[in-house]
file input26.txt (compact mmCIF, C-alpha atoms)
# COMPACT_ATOMS: atom_id res chain seq x y z
CA MET A 485 -77.70 -35.30 39.10
CA THR A 486 -76.82 -34.21 42.61
CA ARG A 487 -78.49 -31.01 43.72
CA PRO A 488 -75.99 -28.38 44.92
CA ARG A 489 -76.12 -27.85 48.65
CA THR A 490 -76.70 -24.27 49.75
CA PHE A 491 -75.78 -24.55 53.41
CA GLY A 492 -72.46 -25.93 54.59
CA GLY A 493 -71.72 -27.31 51.12
CA TRP A 494 -69.46 -26.55 48.23
CA ARG A 495 -71.54 -23.61 46.98
CA ASP A 496 -71.05 -21.79 50.29
CA GLY A 497 -67.33 -22.50 50.06
CA TRP A 498 -67.05 -20.88 46.64
CA ASP A 499 -69.29 -18.00 47.71
CA TRP A 500 -66.83 -17.35 50.56
CA VAL A 501 -63.89 -17.36 48.17
CA ILE A 502 -65.65 -14.93 45.82
CA LEU A 503 -66.66 -12.69 48.74
CA ARG A 504 -63.11 -12.67 50.04
CA PHE A 505 -61.78 -11.36 46.72
CA ILE A 506 -64.52 -8.72 46.52
CA MET A 507 -64.07 -7.40 50.05
CA THR A 508 -61.12 -5.13 50.85
CA ASP A 509 -59.24 -5.33 54.12
CA PRO A 510 -60.00 -2.04 55.94
CA ARG A 511 -56.30 -1.79 56.83
CA TYR A 512 -55.53 -1.29 53.13
CA ALA A 513 -57.18 2.13 53.10
CA LYS A 514 -55.37 3.19 56.27
CA LEU A 515 -51.97 2.25 54.83
CA ALA A 516 -52.71 3.83 51.44
CA ASN A 517 -53.75 7.06 53.14
CA LEU A 518 -50.51 7.10 55.16
CA LEU A 519 -48.37 6.61 52.06
CA VAL A 520 -50.14 9.30 50.05
CA ASN A 521 -50.84 11.98 52.65
CA TYR A 522 -47.95 11.54 55.08
CA SER A 523 -45.03 9.67 53.52
CA THR A 524 -45.05 11.41 50.13
CA ALA A 525 -47.41 14.30 51.00
CA LEU A 526 -48.87 14.40 47.50
CA LYS A 527 -50.36 17.68 46.30
CA LYS A 528 -52.91 18.51 43.65
CA GLY A 529 -51.60 18.01 40.13
CA GLU A 530 -48.45 16.12 41.14
CA ARG A 531 -47.51 12.91 39.32
CA VAL A 532 -46.63 9.74 41.24
CA LEU A 533 -45.34 6.40 39.97
CA LEU A 534 -46.90 3.45 41.84
CA ASP A 535 -44.45 0.58 41.37
CA VAL A 536 -46.11 -2.61 42.67
CA ILE A 537 -44.52 -6.06 42.59
CA ASP A 538 -46.60 -9.12 43.51
CA VAL A 539 -49.11 -6.99 45.40
CA PRO A 540 -52.86 -7.78 45.52
CA ASP A 541 -54.89 -5.71 43.07
CA GLU A 542 -57.20 -4.77 45.94
CA PHE A 543 -54.44 -2.75 47.60
CA THR A 544 -53.32 -1.20 44.31
CA LEU A 545 -56.89 0.01 43.80
CA GLU A 546 -56.94 1.59 47.27
CA LEU A 547 -53.65 3.30 46.53
CA ILE A 548 -54.95 4.72 43.24
CA ARG A 549 -58.08 6.00 44.99
CA SER A 550 -56.03 7.70 47.71
CA VAL A 551 -53.83 9.38 45.10
CA ARG A 552 -56.89 10.66 43.23
CA ALA A 553 -58.49 11.87 46.46
CA ALA A 554 -55.39 14.00 47.02
CA GLY A 555 -55.82 15.48 43.57
CA ALA A 556 -52.64 13.86 42.27
CA ILE A 557 -52.11 11.79 39.11
CA PRO A 558 -51.28 8.06 39.51
CA LEU A 559 -49.21 6.08 37.02
CA VAL A 560 -49.12 2.34 37.79
CA GLU A 561 -46.44 -0.25 37.00
CA THR A 562 -47.37 -3.84 37.93
CA ARG A 563 -44.55 -6.39 38.03
CA HIS A 564 -43.94 -9.99 39.11
CA THR A 565 -40.76 -11.41 40.61
CA ARG A 566 -40.74 -14.59 38.47
CA VAL A 567 -41.02 -12.52 35.30
CA GLY A 568 -38.26 -10.24 36.52
CA ARG A 569 -36.01 -13.23 37.22
CA GLU A 570 -36.49 -14.52 33.68
CA GLN A 571 -35.41 -11.17 32.27
CA LEU A 572 -32.33 -11.07 34.51
CA LEU A 573 -31.24 -14.58 33.50
CA GLY A 574 -30.57 -13.42 29.96
CA ILE A 575 -30.04 -9.71 30.46
CA THR A 576 -27.66 -8.05 27.99
CA GLU A 577 -25.93 -4.71 28.05
CA ALA A 578 -28.19 -3.46 25.26
CA GLN A 579 -31.36 -4.57 27.04
CA ALA A 580 -30.31 -3.14 30.40
CA GLY A 581 -29.40 0.15 28.71
CA LEU A 582 -32.78 0.33 27.01
CA MET A 583 -34.56 -0.39 30.30
CA ARG A 584 -32.52 2.33 32.01
CA ASP A 585 -33.32 4.90 29.33
CA LEU A 586 -37.05 4.18 29.31
CA GLU A 587 -37.34 4.13 33.10
CA MET A 588 -35.28 7.31 33.43
CA PHE A 589 -37.52 9.11 30.93
CA ARG A 590 -40.56 8.08 32.98
CA MET A 591 -38.97 8.87 36.34
CA LYS A 592 -38.12 12.41 35.21
CA LYS A 593 -41.84 13.00 34.69
CA MET A 594 -42.62 12.18 38.33
CA GLN A 595 -42.64 14.28 41.48
CA ALA A 596 -43.09 11.22 43.73
CA TYR A 597 -42.56 7.45 43.78
CA ILE A 598 -44.25 4.77 45.90
CA ALA A 599 -43.01 1.19 45.64
CA LEU A 600 -44.55 -1.91 47.21
CA ARG A 601 -42.48 -5.04 46.77
CA GLY A 602 -43.88 -8.46 47.47
CA ALA A 603 -42.40 -11.87 46.70
CA GLY A 604 -43.86 -15.33 47.05
CA ASN A 605 -40.26 -16.59 47.20
CA MET A 606 -37.69 -14.26 48.74
CA ASN A 607 -34.91 -16.27 47.08
CA GLU A 608 -36.36 -15.98 43.57
CA ASN A 609 -33.17 -14.45 42.14
CA SER A 610 -30.74 -16.79 43.91
CA ASP A 611 -29.82 -18.60 40.68
CA VAL A 612 -29.34 -15.46 38.57
CA PRO A 613 -25.63 -15.50 37.61
CA GLY A 614 -23.58 -12.92 39.47
CA ASP A 615 -22.26 -11.32 36.29
CA ARG A 616 -25.82 -10.77 34.99
CA MET A 617 -26.95 -9.20 38.26
CA LYS A 618 -23.83 -7.03 38.35
CA LEU A 619 -24.42 -5.88 34.77
CA TYR A 620 -28.04 -4.94 35.41
CA THR A 621 -27.31 -3.20 38.71
CA LYS A 622 -24.50 -1.06 37.33
CA ILE A 623 -26.29 0.02 34.17
CA THR A 624 -29.64 0.86 35.80
CA ARG A 625 -28.21 2.51 38.92
CA PRO A 626 -28.72 6.07 37.57
CA VAL A 627 -32.49 5.56 37.68
CA GLN A 628 -32.38 4.74 41.38
CA ASP A 629 -30.02 7.65 42.04
CA TYR A 630 -32.39 10.06 40.30
CA ARG A 631 -35.39 8.68 42.17
CA VAL A 632 -33.66 8.93 45.56
CA ASN A 633 -32.28 12.43 45.01
CA LYS A 634 -34.93 14.10 42.86
CA THR A 635 -38.33 12.75 43.95
CA ARG A 636 -40.28 12.31 47.17
CA TRP A 637 -40.30 8.54 47.56
CA CYS A 638 -41.40 5.77 49.87
CA VAL A 639 -40.57 2.06 49.57
CA LEU A 640 -42.09 -0.83 51.51
CA ARG A 641 -42.52 -4.58 51.34
CA TRP A 642 -45.82 -6.41 51.01
CA PRO A 643 -46.52 -9.17 53.56
CA THR A 644 -46.32 -12.68 52.11
CA PRO A 645 -46.12 -16.23 53.48
CA SER A 646 -42.45 -16.19 52.43
CA MET A 647 -41.78 -13.23 54.72
CA ALA A 648 -43.76 -14.84 57.54
CA GLN A 649 -41.69 -17.99 57.20
CA ALA A 650 -38.44 -16.00 57.32
CA ALA A 651 -39.71 -14.27 60.47
CA GLY A 652 -40.62 -17.62 62.08
CA MET A 653 -44.28 -16.57 62.34
CA SER A 654 -47.63 -17.76 61.06
CA THR A 655 -48.97 -15.94 58.01
CA GLU A 656 -51.79 -14.33 60.01
CA ALA A 657 -49.57 -13.26 62.90
CA PHE A 658 -47.04 -11.72 60.54
CA GLU A 659 -49.74 -9.90 58.60
CA ASN A 660 -51.06 -8.41 61.85
CA LEU A 661 -47.53 -7.34 62.83
CA TYR A 662 -46.99 -5.83 59.39
CA PHE A 663 -49.99 -3.53 59.54
CA GLU A 664 -49.30 -2.62 63.18
CA VAL A 665 -45.75 -1.59 62.30
CA CYS A 666 -46.55 0.12 59.00
CA THR A 667 -49.41 2.26 60.29
CA MET A 668 -47.94 3.32 63.65
CA ASP A 669 -47.78 6.99 64.70
CA TYR A 670 -44.69 8.05 62.75
CA ALA A 671 -45.21 11.73 63.46
CA ARG A 672 -44.81 11.01 67.18
CA MET A 673 -41.68 8.99 66.51
CA GLY A 674 -40.30 11.87 64.47
CA ARG A 675 -40.55 14.23 67.43
CA ALA A 676 -38.70 11.74 69.64
CA MET A 677 -35.79 11.28 67.21
CA ALA A 678 -35.04 14.99 66.70
CA PRO A 679 -32.49 15.12 69.60
CA LEU A 680 -30.57 12.16 68.15
CA GLU A 681 -30.41 13.80 64.73
CA LYS A 682 -29.02 16.95 66.35
CA LEU A 683 -26.44 15.01 68.37
CA MET A 684 -25.22 12.97 65.41
CA ALA A 685 -24.85 16.12 63.30
CA GLN A 686 -22.49 17.52 65.97
CA THR A 687 -20.47 14.31 66.46
CA ASP A 688 -16.95 13.66 65.22
CA GLN A 689 -15.71 10.28 66.48
CA VAL A 690 -17.85 7.13 66.69
CA HIS A 691 -16.74 3.93 68.41
CA LEU A 692 -18.73 0.70 68.11
CA LYS A 693 -18.04 -2.13 70.57
CA GLY A 694 -19.47 -5.60 70.99
CA PRO A 695 -18.74 -9.31 70.56
CA GLY A 696 -16.36 -9.51 67.61
CA THR A 697 -16.75 -5.77 66.96
CA ASP A 698 -14.31 -2.95 67.62
CA LEU A 699 -14.73 -0.23 65.01
CA THR A 700 -13.92 3.48 64.92
CA PHE A 701 -14.70 6.17 62.36
CA SER A 702 -15.55 9.85 61.98
CA ILE A 703 -18.85 11.40 60.90
CA ARG A 704 -17.58 14.96 61.26
CA GLY A 705 -19.18 17.38 58.82
CA ILE A 706 -21.43 14.72 57.29
CA GLY A 707 -24.64 15.64 59.10
CA ALA A 708 -27.52 13.35 60.03
CA LYS A 709 -31.04 12.67 58.87
CA MET A 710 -34.00 11.14 60.66
CA CYS A 711 -36.27 8.65 58.91
CA LYS A 712 -39.77 8.95 60.28
CA GLY A 713 -41.98 7.18 57.77
CA ASP A 714 -41.39 9.56 54.88
CA ARG A 715 -38.93 7.35 52.96
CA ASN A 716 -39.37 3.77 54.08
CA ILE A 717 -42.25 1.98 55.74
CA PRO A 718 -41.66 0.60 58.30
CA ASP A 719 -39.30 3.26 59.58
CA GLY A 720 -37.40 4.31 62.65
CA GLU A 721 -33.75 5.26 62.23
CA VAL A 722 -31.37 8.20 62.17
CA PHE A 723 -28.52 7.86 59.69
CA SER A 724 -25.24 9.52 58.90
CA CYS A 725 -22.13 8.30 57.07
CA PRO A 726 -18.46 7.78 57.91
CA THR A 727 -15.98 10.06 56.20
CA LYS A 728 -14.67 7.87 53.41
CA THR A 729 -11.21 6.88 54.70
CA SER A 730 -11.82 7.12 58.45
CA VAL A 731 -13.11 3.59 59.19
CA ASN A 732 -10.74 1.21 60.97
CA GLY A 733 -11.31 -2.04 62.81
CA VAL A 734 -13.66 -4.99 62.58
CA ILE A 735 -17.42 -5.48 62.73
CA GLN A 736 -19.21 -8.80 63.21
CA PHE A 737 -22.88 -8.82 62.17
CA ASN A 738 -25.29 -11.12 64.01
CA THR A 739 -28.32 -11.04 61.72
CA PRO A 740 -28.79 -12.78 58.36
CA THR A 741 -28.89 -10.57 55.27
CA LEU A 742 -30.44 -11.30 51.90
CA TYR A 743 -28.78 -9.73 48.87
CA SER A 744 -29.21 -10.57 45.18
CA GLY A 745 -31.21 -13.65 46.13
CA THR A 746 -28.54 -15.14 48.44
CA LYS A 747 -28.86 -15.39 52.22
CA PHE A 748 -25.68 -14.45 54.05
CA GLU A 749 -24.98 -15.20 57.72
CA ASN A 750 -22.17 -14.35 60.14
CA VAL A 751 -20.82 -11.58 57.91
CA ARG A 752 -17.54 -10.20 59.25
CA LEU A 753 -15.84 -7.16 57.75
CA GLU A 754 -12.35 -5.88 58.48
CA LEU A 755 -11.64 -2.31 57.38
CA GLN A 756 -8.50 -0.25 57.05
CA ASP A 757 -8.53 3.44 56.13
CA GLY A 758 -12.15 3.12 55.06
CA LYS A 759 -11.77 0.10 52.79
CA ILE A 760 -13.02 -3.44 53.40
CA ILE A 761 -9.82 -5.46 53.20
CA GLN A 762 -11.27 -8.77 54.36
CA ALA A 763 -14.83 -10.11 54.25
CA THR A 764 -16.08 -13.52 55.36
CA ALA A 765 -19.48 -15.18 55.74
CA ASN A 766 -21.20 -18.50 55.11
CA HIS A 767 -20.90 -17.63 51.40
CA THR A 768 -17.52 -15.90 51.42
CA LYS A 769 -16.90 -16.21 47.69
CA ARG A 770 -20.29 -14.76 46.75
CA LEU A 771 -19.88 -12.01 49.36
CA ASN A 772 -16.59 -10.90 47.84
CA GLU A 773 -17.99 -11.09 44.31
CA ILE A 774 -20.60 -8.52 45.31
CA LEU A 775 -18.03 -6.35 47.10
CA ASP A 776 -15.93 -6.41 43.92
CA THR A 777 -18.77 -5.03 41.78
CA ASP A 778 -16.89 -1.71 41.61
CA PRO A 779 -14.27 0.15 43.70
CA GLY A 780 -16.91 1.94 45.79
CA ALA A 781 -18.50 -1.29 46.99
CA ARG A 782 -15.63 -1.81 49.45
CA TYR A 783 -16.14 1.59 51.07
CA ILE A 784 -18.94 2.56 53.44
CA GLY A 785 -21.95 4.61 52.39
CA GLU A 786 -24.09 4.74 55.56
CA PHE A 787 -24.10 4.36 59.34
CA SER A 788 -27.44 4.32 61.15
CA LEU A 789 -29.10 3.58 64.49
CA GLY A 790 -32.46 1.74 64.46
CA PHE A 791 -35.18 1.85 67.12
CA ASN A 792 -38.63 0.78 65.89
CA PRO A 793 -40.29 -0.66 69.03
CA TYR A 794 -42.46 -3.12 67.12
CA ILE A 795 -39.57 -4.78 65.27
CA MET A 796 -37.54 -6.86 67.69
CA ASN A 797 -36.13 -9.76 65.67
CA PRO A 798 -34.70 -10.21 62.17
CA MET A 799 -36.81 -11.57 59.34
CA CYS A 800 -34.21 -11.38 56.56
CA ASP A 801 -35.92 -8.38 55.01
CA ILE A 802 -33.79 -5.26 55.16
CA LEU A 803 -36.64 -2.73 55.24
CA PHE A 804 -37.67 -4.34 58.54
CA ASP A 805 -34.34 -5.53 59.90
CA GLU A 806 -32.55 -2.17 59.63
CA LYS A 807 -35.20 -0.66 61.95
CA ILE A 808 -34.92 -3.31 64.71
CA ALA A 809 -35.02 -1.80 68.20
CA GLY A 810 -31.50 -1.61 69.61
CA SER A 811 -29.80 -2.19 66.27
CA LEU A 812 -27.39 -0.40 63.98
CA HIS A 813 -26.58 -0.92 60.35
CA PHE A 814 -23.38 -0.33 58.46
CA THR A 815 -23.53 -0.15 54.69
CA PRO A 816 -20.94 -1.04 52.07
CA GLY A 817 -21.44 0.90 48.86
CA GLN A 818 -23.34 3.92 47.61
CA ALA A 819 -23.71 6.94 49.89
CA TYR A 820 -26.79 9.14 49.83
CA ALA A 821 -26.56 12.69 48.54
CA ASP A 822 -27.95 13.81 51.91
CA CYS A 823 -25.51 13.01 54.71
CA GLY A 824 -23.10 11.21 52.39
CA ASN A 825 -19.34 11.03 51.87
CA GLY A 826 -19.43 11.06 48.08
CA ASN A 827 -18.85 7.33 47.68
CA GLN A 828 -20.23 5.97 44.40
CA SER A 829 -21.23 2.36 43.80
CA ALA A 830 -23.88 0.17 42.22
CA ILE A 831 -24.12 -1.55 45.63
CA HIS A 832 -25.92 -0.31 48.74
CA TRP A 833 -25.98 -3.18 51.24
CA ASP A 834 -27.35 -2.49 54.72
CA MET A 835 -25.87 -5.02 57.16
CA VAL A 836 -27.47 -5.19 60.61
CA LEU A 837 -25.99 -5.64 64.07
CA ILE A 838 -28.42 -6.03 67.00
CA GLN A 839 -26.89 -4.82 70.27
CA ARG A 840 -29.63 -5.68 72.76
CA GLN A 841 -28.45 -7.77 75.72
CA GLU A 842 -30.15 -10.97 74.55
CA TRP A 843 -28.22 -10.63 71.27
CA GLY A 844 -24.85 -10.29 72.94
CA GLY A 845 -24.99 -6.61 73.87
CA GLY A 846 -22.84 -3.80 72.63
CA GLU A 847 -22.02 -0.13 72.95
CA VAL A 848 -22.17 3.01 70.82
CA TRP A 849 -19.86 5.88 71.77
CA PHE A 850 -19.99 9.44 70.40
CA ASP A 851 -16.90 11.57 71.09
CA GLY A 852 -16.03 9.53 74.17
CA GLN A 853 -19.57 9.52 75.60
CA LEU A 854 -21.52 6.26 75.92
CA ILE A 855 -24.72 6.94 73.99
CA ARG A 856 -26.31 3.50 73.85
CA LYS A 857 -25.59 0.35 75.84
CA ASP A 858 -27.14 -3.04 75.11
CA GLY A 859 -29.62 -1.39 72.76
CA LEU A 860 -30.92 1.27 75.17
CA PHE A 861 -30.19 4.99 74.87
CA LEU A 862 -28.66 6.47 78.04
CA PRO A 863 -28.68 10.32 77.75
CA LYS A 864 -31.90 11.82 79.06
CA ALA A 865 -32.64 13.61 75.78
CA LEU A 866 -32.51 10.31 73.89
CA ARG A 867 -34.47 8.05 76.23
CA GLY A 868 -37.68 8.84 74.35
CA LEU A 869 -36.39 6.49 71.64
CA ASN A 870 -36.36 3.46 73.92
CA PRO A 871 -39.20 0.99 73.23
CA GLU A 872 -41.29 1.75 76.30
CA HIS A 873 -41.69 5.39 75.19
CA LEU A 874 -42.51 4.78 71.52
CA LYS A 875 -45.26 2.19 71.82
call {"tool": "encode", "arguments": {"input": "input26.txt", "output": "structure tokens"}}
result
Amino acid sequence: MTRPRTFGGWRDGWDWVILRFIMTDPRYAKLANLLVNYSTALKKGERVLLDVIDVPDEFTLELIRSVRAAGAIPLVETRHTRVGREQLLGITEAQAGLMRDLEMFRMKKMQAYIALRGAGNMNENSDVPGDRMKLYTKITRPVQDYRVNKTRWCVLRWPTPSMAQAAGMSTEAFENLYFEVCTMDYARMGRAMAPLEKLMAQTDQVHLKGPGTDLTFSIRGIGAKMCKGDRNIPDGEVFSCPTKTSVNGVIQFNTPTLYSGTKFENVRLELQDGKIIQATANHTKRLNEILDTDPGARYIGEFSLGFNPYIMNPMCDILFDEKIAGSLHFTPGQAYADCGNGNQSAIHWDMVLIQRQEWGGGEVWFDGQLIRKDGLFLPKALRGLNPEHLK
């Protein structure tokens, strides 16, 4: 019988593995504290649903502890993407309706909602039939609408090798970027974006220009809202919404977008009187299937400018990509109750256009004034949102 080696041998290797699972990354506590005390600002006695999908238990524990330290009451839902896919493959109207009713009952008991969504495979749902996904999305949409409009909520991804691969980065480098972005000084960013929120709320006509893009619309009377880490993490955008029938022209997106498990590239939308009348991409048929989910899916529910200085390139994850410095996103489907045009849809699909010079450049005009050129804000009051001032 070979005696186990205690130095440099297999026992030390297993001891390291065990130690790794026992120890908690100190960045976990910092992120949990941000989500509880800043993003959702939980108060004593409030109830919060912690919805975690493929997230390490170590972080879930830190999140529970932070909630309790704030005097709030945590309710935890732990899910897995592969299990969710299996349910979607055979989802029926009766099952989706039951899930909606149960989740709505629970959501109405909550004052806040924090969701962390991981995925070992970002394309896990790519083979779920379109009609099953459409059925589930339409029937359960009221739960999301209630959560968005009636609770204080924050949604973020969890870093995985799949995300790192999509970003073209090593797992370690992406993890470091993730925590740098997600725990930045969002209060400081909030102060810098206040002038843009004010300007957008006063704007009527918007004109977007760039390679393959010439689009006009009105945001008059819609208002604007800044996102400073109190809804999504990472954050860094100010959004409004076109009046429903005002959009005319064409927009060519230059970043990939993942929706319902399918990766779309080179999406081009042509709009007339607010409606998408032509849509093409690498998966044109699938794109149009999604846009035909319901009548509202072919109208626009959001227009936003992104400026997070730590997010420079797309990684096919919308919570990151829509905040890319020098970007904008334009959204077919559901409008928010705040700063919305009343459009209703089961779809809300943020599509991203990067306008920095190395991505082809582009311009954003408000009421005939050039506000941003090649991704950089020009008016003095808005220059604080350029990357060199936010880092």
call {"tool": "closest_atom_pairs", "arguments": {"input": "input26.txt", "of": "range 499-579 of chain A", "to": "range 646-669 of chain A", "cutoff": "8 Å", "atoms": "only C-alpha atoms", "output": "tab-separated table"}}
result
residue	atom	partner	partner_atom	distance
A:Arg511	CA	A:Phe663	CA	7.1
A:Lys514	CA	A:Thr667	CA	7.2
A:Leu515	CA	A:Thr667	CA	6.0
A:Leu518	CA	A:Thr667	CA	7.1
call {"tool": "residues_around", "arguments": {"input": "input26.txt", "residues": "Val632 in chain A", "least_positions_apart": "4", "cutoff": "12 Å", "atoms": "all atoms listed in the file", "output": "mmCIF file with C-alpha atoms, in the frame of the given file"}}
result
data_model
loop_
_atom_site.group_PDB
_atom_site.id
_atom_site.type_symbol
_atom_site.label_atom_id
_atom_site.label_comp_id
_atom_site.auth_asym_id
_atom_site.auth_seq_id
_atom_site.Cartn_x
_atom_site.Cartn_y
_atom_site.Cartn_z
ATOM 1 C CA MET A 591 -38.970 8.870 36.340
ATOM 2 C CA LYS A 592 -38.120 12.410 35.210
ATOM 3 C CA MET A 594 -42.620 12.180 38.330
ATOM 4 C CA GLN A 595 -42.640 14.280 41.480
ATOM 5 C CA ALA A 596 -43.090 11.220 43.730
ATOM 6 C CA TYR A 597 -42.560 7.450 43.780
ATOM 7 C CA ILE A 598 -44.250 4.770 45.900
ATOM 8 C CA ARG A 625 -28.210 2.510 38.920
ATOM 9 C CA PRO A 626 -28.720 6.070 37.570
ATOM 10 C CA VAL A 627 -32.490 5.560 37.680
ATOM 11 C CA GLN A 628 -32.380 4.740 41.380
ATOM 12 C CA ARG A 636 -40.280 12.310 47.170
ATOM 13 C CA TRP A 637 -40.300 8.540 47.560
ATOM 14 C CA CYS A 638 -41.400 5.770 49.870
ATOM 15 C CA VAL A 639 -40.570 2.060 49.570
ATOM 16 C CA ARG A 715 -38.930 7.350 52.960
ATOM 17 C CA ASN A 716 -39.370 3.770 54.080
ATOM 18 C CA GLN A 818 -23.340 3.920 47.610
ATOM 19 C CA ALA A 819 -23.710 6.940 49.890
ATOM 20 C CA TYR A 820 -26.790 9.140 49.830
ATOM 21 C CA ALA A 821 -26.560 12.690 48.540
ATOM 22 C CA ASP A 822 -27.950 13.810 51.910
#
call {"tool": "closest_residue", "arguments": {"input": "input26.txt", "among": "A:Val731, A:Met617, A:Ala676, A:Leu600", "to": "Leu640 in chain A", "atoms": "all atoms listed in the file"}}
result
A:Leu600
call {"tool": "closest_residue", "arguments": {"input": "input26.txt", "among": "A:Arg531, A:Pro863, A:Leu573, A:His691", "to": "Ile557 in chain A", "atoms": "only C-alpha atoms"}}
result
A:Arg531
call {"tool": "atom_distance", "arguments": {"input": "input26.txt", "atom1": "CA of Pro793 in chain A", "atom2": "CA of Pro871 in chain A"}}
result
4.6 Å
call {"tool": "atom_distance", "arguments": {"input": "input26.txt", "atom1": "CA of Leu533 in chain A", "atom2": "CA of Ile795 in chain A"}}
result
28.3 Å
call {"tool": "closest_residue", "arguments": {"input": "input26.txt", "among": "A:Ala708, A:Ala603, A:Leu742, A:Val751", "to": "Gly696 in chain A", "atoms": "all atoms listed in the file"}}
result
A:Val751
call {"tool": "closest_residue", "arguments": {"input": "input26.txt", "among": "A:Phe791, A:Tyr630, A:Tyr512, A:Tyr522", "to": "Leu812 in chain A", "atoms": "all atoms listed in the file"}}
result
A:Phe791
call {"tool": "atom_distance", "arguments": {"input": "input26.txt", "atom1": "CA of Lys728 in chain A", "atom2": "CA of Gly707 in chain A"}}
result
13.9 Å
call {"tool": "closest_residue", "arguments": {"input": "input26.txt", "among": "A:Ala525, A:Ile802, A:Leu547, A:Ile831", "to": "Asp776 in chain A", "atoms": "all atoms listed in the file"}}
result
A:Ile831
call {"tool": "residues_around", "arguments": {"input": "input26.txt", "residues": "Asp615 in chain A", "least_positions_apart": "3", "cutoff": "10 Å", "atoms": "all atoms listed in the file", "output": "VMD selection string"}}
result
chain A and resid 573 575 612 618 to 621 773 to 774 777
call {"tool": "residues_around", "arguments": {"input": "input26.txt", "residues": "Cys725 in chain A", "least_positions_apart": "3", "cutoff": "7 Å", "atoms": "all atoms listed in the file", "output": "list in words"}}
result
Ile703, Ile706, Gly785, Glu786, Phe787, Cys823, Gly824 and Asn825 of chain A
call {"tool": "closest_residue", "arguments": {"input": "input26.txt", "among": "A:Asn633, A:Asn827, A:Asn792, A:Ser744", "to": "Cys711 in chain A", "atoms": "all atoms listed in the file"}}
result
A:Asn792
call {"tool": "build_atoms", "arguments": {"input": "input26.txt", "residues": "range 814-825 of chain A", "atoms": "N, CA, C and O atoms", "output": "CSV table (one decimal), keeping the file's coordinate frame"}}
result
chain,number,residue,atom,x,y,z
A,814,PHE,N,-24.6,-0.8,59.1
A,814,PHE,CA,-23.4,-0.3,58.5
A,814,PHE,C,-23.4,-0.8,57.0
A,814,PHE,O,-23.6,-2.0,56.8
A,815,THR,N,-23.1,0.1,56.1
A,815,THR,CA,-23.5,-0.2,54.7
A,815,THR,C,-22.4,0.0,53.7
A,815,THR,O,-22.0,1.1,53.4
A,816,PRO,N,-21.9,-1.1,53.2
A,816,PRO,CA,-20.9,-1.0,52.1
A,816,PRO,C,-21.6,-0.5,50.8
A,816,PRO,O,-22.8,-0.9,50.5
A,817,GLY,N,-20.9,0.4,50.1
A,817,GLY,CA,-21.4,0.9,48.9
A,817,GLY,C,-21.9,2.3,48.8
A,817,GLY,O,-21.4,3.2,49.5
A,818,GLN,N,-22.9,2.6,48.0
A,818,GLN,CA,-23.3,3.9,47.6
A,818,GLN,C,-23.7,4.7,48.8
A,818,GLN,O,-24.5,4.3,49.7
A,819,ALA,N,-23.3,6.0,48.9
A,819,ALA,CA,-23.7,6.9,49.9
A,819,ALA,C,-24.9,7.8,49.3
A,819,ALA,O,-25.0,8.0,48.1
A,820,TYR,N,-25.7,8.2,50.2
A,820,TYR,CA,-26.8,9.1,49.8
A,820,TYR,C,-26.2,10.5,49.6
A,820,TYR,O,-25.2,10.9,50.2
A,821,ALA,N,-27.0,11.3,48.8
A,821,ALA,CA,-26.6,12.7,48.5
A,821,ALA,C,-26.7,13.5,49.8
A,821,ALA,O,-25.9,14.3,50.1
A,822,ASP,N,-27.8,13.2,50.6
A,822,ASP,CA,-28.0,13.8,51.9
A,822,ASP,C,-27.1,13.0,52.9
A,822,ASP,O,-27.2,11.8,53.0
A,823,CYS,N,-26.3,13.7,53.7
A,823,CYS,CA,-25.5,13.0,54.7
A,823,CYS,C,-24.6,11.9,54.1
A,823,CYS,O,-24.6,10.8,54.7
A,824,GLY,N,-24.0,12.2,53.0
A,824,GLY,CA,-23.1,11.2,52.4
A,824,GLY,C,-21.7,11.7,52.3
A,824,GLY,O,-21.3,12.8,52.6
A,825,ASN,N,-20.8,10.7,52.0
A,825,ASN,CA,-19.3,11.0,51.9
A,825,ASN,C,-18.9,11.1,50.4
A,825,ASN,O,-17.7,11.1,50.2
